[in-house]
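Inspection log for the structure reproduced underneath, given as structure tokens.
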Amino acid sequence: MLTLLPAVDVRDGKAVRLRQGASGSEKVYGEPADAAKAWVDQGAEWLHLVDLDAAFGTGDNRDKLAVLVNELGDRVKVELSGGIRDDASLEAALEAGAARVNIGTAALENPDWTSRVLSRYGERVCVGLDVRGHTLAARGWTSKGGDLFETMKRLDDDGCGRYVVTDVARDGMMTGPNLDLLGEVSSRTPAKVTASGGISSLNDLRDIAGLSDRGVDSAILGKSLYEGAFTLEQAMDLVSGHC
């Protein structure tokens with residue numbers, strides 16, 4: 001069954017969604033705690049929390065997110081992402097109660113550190129692969145980070161067990177997921193794959209679920225939920241085979 005992770009992206013202390021990851025394209029959806037609690041009340045088993053300020057290097061929302069994880073940690077598993085690039089930020093995320101931490105830029109810019117934390121923390125660390133074509137994006141998607149498949153080969157050798165794969169051009173655009181990219185990535189790695197970016201309909205979720213035999217076992221839901229394209233309950237019914 002496909003695992004669904006409603007996303008709560010935080011900038012300047014507010015829950016927001018971006019278009020194609022661009023700073024300044026934020027649409028504000030209120031308080032992060034309200035959004036997170038709403039998804040949990042609707043049955044979410046996982047949340048994907050992103051500190052956009054930390055990702056862009058414009059500050060951080062670490063304390064606010066730590067409080068949120070502490071409040072909800074007995075009801076939901078949390079994947080934390082954004083600006084986790086050294087021991088201090090990684091350990092702070094884990095100590096806050098995150099079940100899993102998603103590292104992005106550091107996986108591209110600091111291979112030795114990444115190899116070490118993958119070895120030490122195993123499944124509690126996954127790697128975000130944010131992609132334009134076959135080129136990776138880093139530092140809040142503001143710089144290039146190398147070739148997708150060369151980087152995956154290195155990370156596979158280091159024992160990475162999960163990739164969060166985002167087509168930057170589709171993120172926040174509700175134009176459908178990049179199924180070709182997801183298929184390519186999942187066919188080249190033994191790691192599990194979380195799909196992110198572009199999901200706009202229940203049919204999109206059906207298509208992603210169709211890749212489950214290749215290792216795509218999760219999907220992050222963002223703008224589709226916030227804009228009411230479908231409800232979390234409808235999505236959960238679909239992936240559990242009820243519709």
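Every chain in the structure tokens has a letter given in the order shown (A, B, ...), and although residue numbers restart at 1 in each chain, ligands are simply numbered from 1 in the order shown.
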
**Report entry** Residues within 12 Å of A:Val76, only C-alpha atoms, excluding chain neighbours under 6 positions, as a ChimeraX atom specification
**Finding:** /A:4-6,36-49,68-70,97-100

Query raised in the report: Near A:Val239, counting only C-alpha atoms, which residues have an atom at most 10 Å away, once you skip same-chain residues fewer than 6 positions from it, shown as a PyMOL selection string?
Result: chain A and resi 1-4+202+205-206+208-209

Query - Neighbour list for A:Val127 as a list in words, cut-off 8 Å, only C-alpha atoms, skip fewer than 4 positions in-chain - result: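 Those residues are Asn102, Ile103, Gly104, Ala107, Cys160, Arg162, Tyr163 and Val164 of chain A.
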
Report task. May I have the residues within 10 Å of A:Leu225 as an NGL selection string, using only C-alpha atoms and disregarding those fewer than 4 positions away in the same chain? Result -> :A and (6-7 or 39 or 199-201 or 221 or 229-232 or 235)

Quick one: write out the picked residues with N, CA and C atoms as a PDB file, in the first residue's frame?
ATOM      1  N   PRO A   6       1.231  13.894   3.955  1.00  0.00           N
ATOM      2  CA  PRO A   6       0.851  15.298   3.761  1.00  0.00           C
ATOM      3  C   PRO A   6       2.015  16.199   4.161  1.00  0.00           C
ATOM      4  N   ALA A   7       2.239  17.234   3.359  1.00  0.00           N
ATOM      5  CA  ALA A   7       3.377  18.119   3.592  1.00  0.00           C
ATOM      6  C   ALA A   7       2.948  19.387   4.305  1.00  0.00           C
ATOM      7  N   TRP A  39      -4.262  17.318   9.240  1.00  0.00           N
ATOM      8  CA  TRP A  39      -3.947  16.075   8.540  1.00  0.00           C
ATOM      9  C   TRP A  39      -3.924  14.901   9.507  1.00  0.00           C
ATOM     10  N   ILE A 199       1.480  16.108  -8.022  1.00  0.00           N
ATOM     11  CA  ILE A 199       0.270  15.312  -7.825  1.00  0.00           C
ATOM     12  C   ILE A 199      -0.945  16.238  -7.766  1.00  0.00           C
ATOM     13  N   SER A 200      -1.942  15.948  -8.624  1.00  0.00           N
ATOM     14  CA  SER A 200      -3.087  16.852  -8.748  1.00  0.00           C
ATOM     15  C   SER A 200      -4.430  16.150  -8.684  1.00  0.00           C
ATOM     16  N   SER A 201      -4.435  14.815  -8.692  1.00  0.00           N
ATOM     17  CA  SER A 201      -5.700  14.084  -8.743  1.00  0.00           C
ATOM     18  C   SER A 201      -5.529  12.692  -8.161  1.00  0.00           C
ATOM     19  N   LEU A 221       2.029  14.622  -0.436  1.00  0.00           N
ATOM     20  CA  LEU A 221       0.884  15.390  -0.925  1.00  0.00           C
ATOM     21  C   LEU A 221       0.984  16.818  -0.402  1.00  0.00           C
ATOM     22  N   ALA A 229      -8.172  19.528  -4.213  1.00  0.00           N
ATOM     23  CA  ALA A 229      -8.331  18.678  -5.396  1.00  0.00           C
ATOM     24  C   ALA A 229      -8.939  17.330  -5.012  1.00  0.00           C
ATOM     25  N   PHE A 230      -8.601  16.872  -3.823  1.00  0.00           N
ATOM     26  CA  PHE A 230      -9.203  15.691  -3.218  1.00  0.00           C
ATOM     27  C   PHE A 230      -8.912  15.779  -1.732  1.00  0.00           C
ATOM     28  N   THR A 231      -9.582  14.953  -0.947  1.00  0.00           N
ATOM     29  CA  THR A 231      -9.352  14.965   0.495  1.00  0.00           C
ATOM     30  C   THR A 231      -8.347  13.881   0.865  1.00  0.00           C
ATOM     31  N   LEU A 232      -7.757  14.034   2.027  1.00  0.00           N
ATOM     32  CA  LEU A 232      -6.841  13.002   2.499  1.00  0.00           C
ATOM     33  C   LEU A 232      -7.583  11.685   2.687  1.00  0.00           C
ATOM     34  N   ALA A 235      -7.880  10.011  -0.625  1.00  0.00           N
ATOM     35  CA  ALA A 235      -6.583   9.464  -1.036  1.00  0.00           C
ATOM     36  C   ALA A 235      -6.256   8.200  -0.263  1.00  0.00           C
TER      37      ALA A 235
END

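Shortest atom-to-atom contact with A:Gly222 among A:Met174, A:Leu118, A:Val28, A:Leu94: A:Met174, counting only C-alpha atoms.
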
Report task. Counting only C-alpha atoms, figure out which residue out of A:Gly59, A:Gly128, A:Gly146, A:Gly228 gets nearest to A:Asp12. Result ->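 Looking at the shortest contact to A:Asp12, the residue is A:Gly59.
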
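The shortest atom-to-atom distance to A:Asp63, with only C-alpha atoms taken into account, belongs to A:Val10 out of A:Ala35, A:Val165, A:Val10, A:Leu18.
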
Query raised in the report: Quick one: of A:Leu179, A:Val131, A:Arg188, A:Cys126, who's nearest to A:Gly161, counting only C-alpha atoms?
Result: A:Cys126

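Interatomic distance, atom CA of A:Arg154 against atom CA of A:Glu91: 23.4 Å.
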
Query raised in the report: With only C-alpha atoms as the basis for distance, which of A:Thr151, A:Thr114, A:Thr194, A:Thr105 is at the shortest distance from A:Ala137?
Result: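 Comparing A:Thr151, A:Thr114, A:Thr194, A:Thr105 against A:Ala137, the winner is A:Thr105.
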
Requested in this report: Name all residues at most 12 Å from A:Glu150 (count only C-alpha atoms; drop same-chain ones fewer than 4 positions away) and give them as a list in words.
Outcome: Leu108, Leu129, His134, Thr135, Leu136, Gly145, Gly146, Arg154, Leu155, Asp156, Asp157, Val185, Arg188 and Thr189 of chain A

Export, as a JSON list (two decimals), in the first residue's frame, the selected residues with N, CA and C atoms.
[["chain", "number", "residue", "atom", "x", "y", "z"],
["A", 108, "LEU", "N", 24.76, 16.21, -1.67],
["A", 108, "LEU", "CA", 25.44, 16.58, -2.90],
["A", 108, "LEU", "C", 26.78, 17.22, -2.63],
["A", 129, "LEU", "N", 16.23, 13.94, -3.65],
["A", 129, "LEU", "CA", 16.77, 14.17, -4.99],
["A", 129, "LEU", "C", 15.82, 15.10, -5.73],
["A", 134, "HIS", "N", 17.82, 15.67, -15.73],
["A", 134, "HIS", "CA", 18.63, 14.70, -14.98],
["A", 134, "HIS", "C", 19.68, 15.42, -14.16],
["A", 135, "THR", "N", 19.47, 16.71, -13.92],
["A", 135, "THR", "CA", 20.40, 17.52, -13.13],
["A", 135, "THR", "C", 19.80, 17.80, -11.77],
["A", 136, "LEU", "N", 20.56, 17.58, -10.73],
["A", 136, "LEU", "CA", 20.08, 17.80, -9.37],
["A", 136, "LEU", "C", 20.14, 19.28, -9.01],
["A", 145, "GLY", "N", 23.46, 20.70, -8.72],
["A", 145, "GLY", "CA", 24.12, 19.79, -7.80],
["A", 145, "GLY", "C", 24.67, 18.53, -8.42],
["A", 146, "GLY", "N", 24.81, 18.49, -9.76],
["A", 146, "GLY", "CA", 25.42, 17.33, -10.39],
["A", 146, "GLY", "C", 24.42, 16.41, -11.06],
["A", 154, "ARG", "N", 26.67, 6.70, -6.16],
["A", 154, "ARG", "CA", 27.47, 6.92, -4.95],
["A", 154, "ARG", "C", 26.66, 6.67, -3.69],
["A", 155, "LEU", "N", 25.44, 7.19, -3.67],
["A", 155, "LEU", "CA", 24.60, 7.05, -2.48],
["A", 155, "LEU", "C", 24.15, 5.61, -2.28],
["A", 156, "ASP", "N", 23.88, 4.90, -3.37],
["A", 156, "ASP", "CA", 23.56, 3.48, -3.26],
["A", 156, "ASP", "C", 24.73, 2.73, -2.62],
["A", 157, "ASP", "N", 25.95, 3.05, -3.08],
["A", 157, "ASP", "CA", 27.14, 2.39, -2.52],
["A", 157, "ASP", "C", 27.30, 2.71, -1.03],
["A", 185, "VAL", "N", 14.31, 6.30, -11.92],
["A", 185, "VAL", "CA", 15.02, 6.25, -10.64],
["A", 185, "VAL", "C", 14.82, 4.89, -9.97],
["A", 188, "ARG", "N", 16.78, 1.92, -11.22],
["A", 188, "ARG", "CA", 18.24, 1.96, -11.12],
["A", 188, "ARG", "C", 18.76, 1.83, -9.69],
["A", 189, "THR", "N", 17.88, 1.61, -8.73],
["A", 189, "THR", "CA", 18.32, 1.56, -7.34],
["A", 189, "THR", "C", 17.55, 0.51, -6.57]]
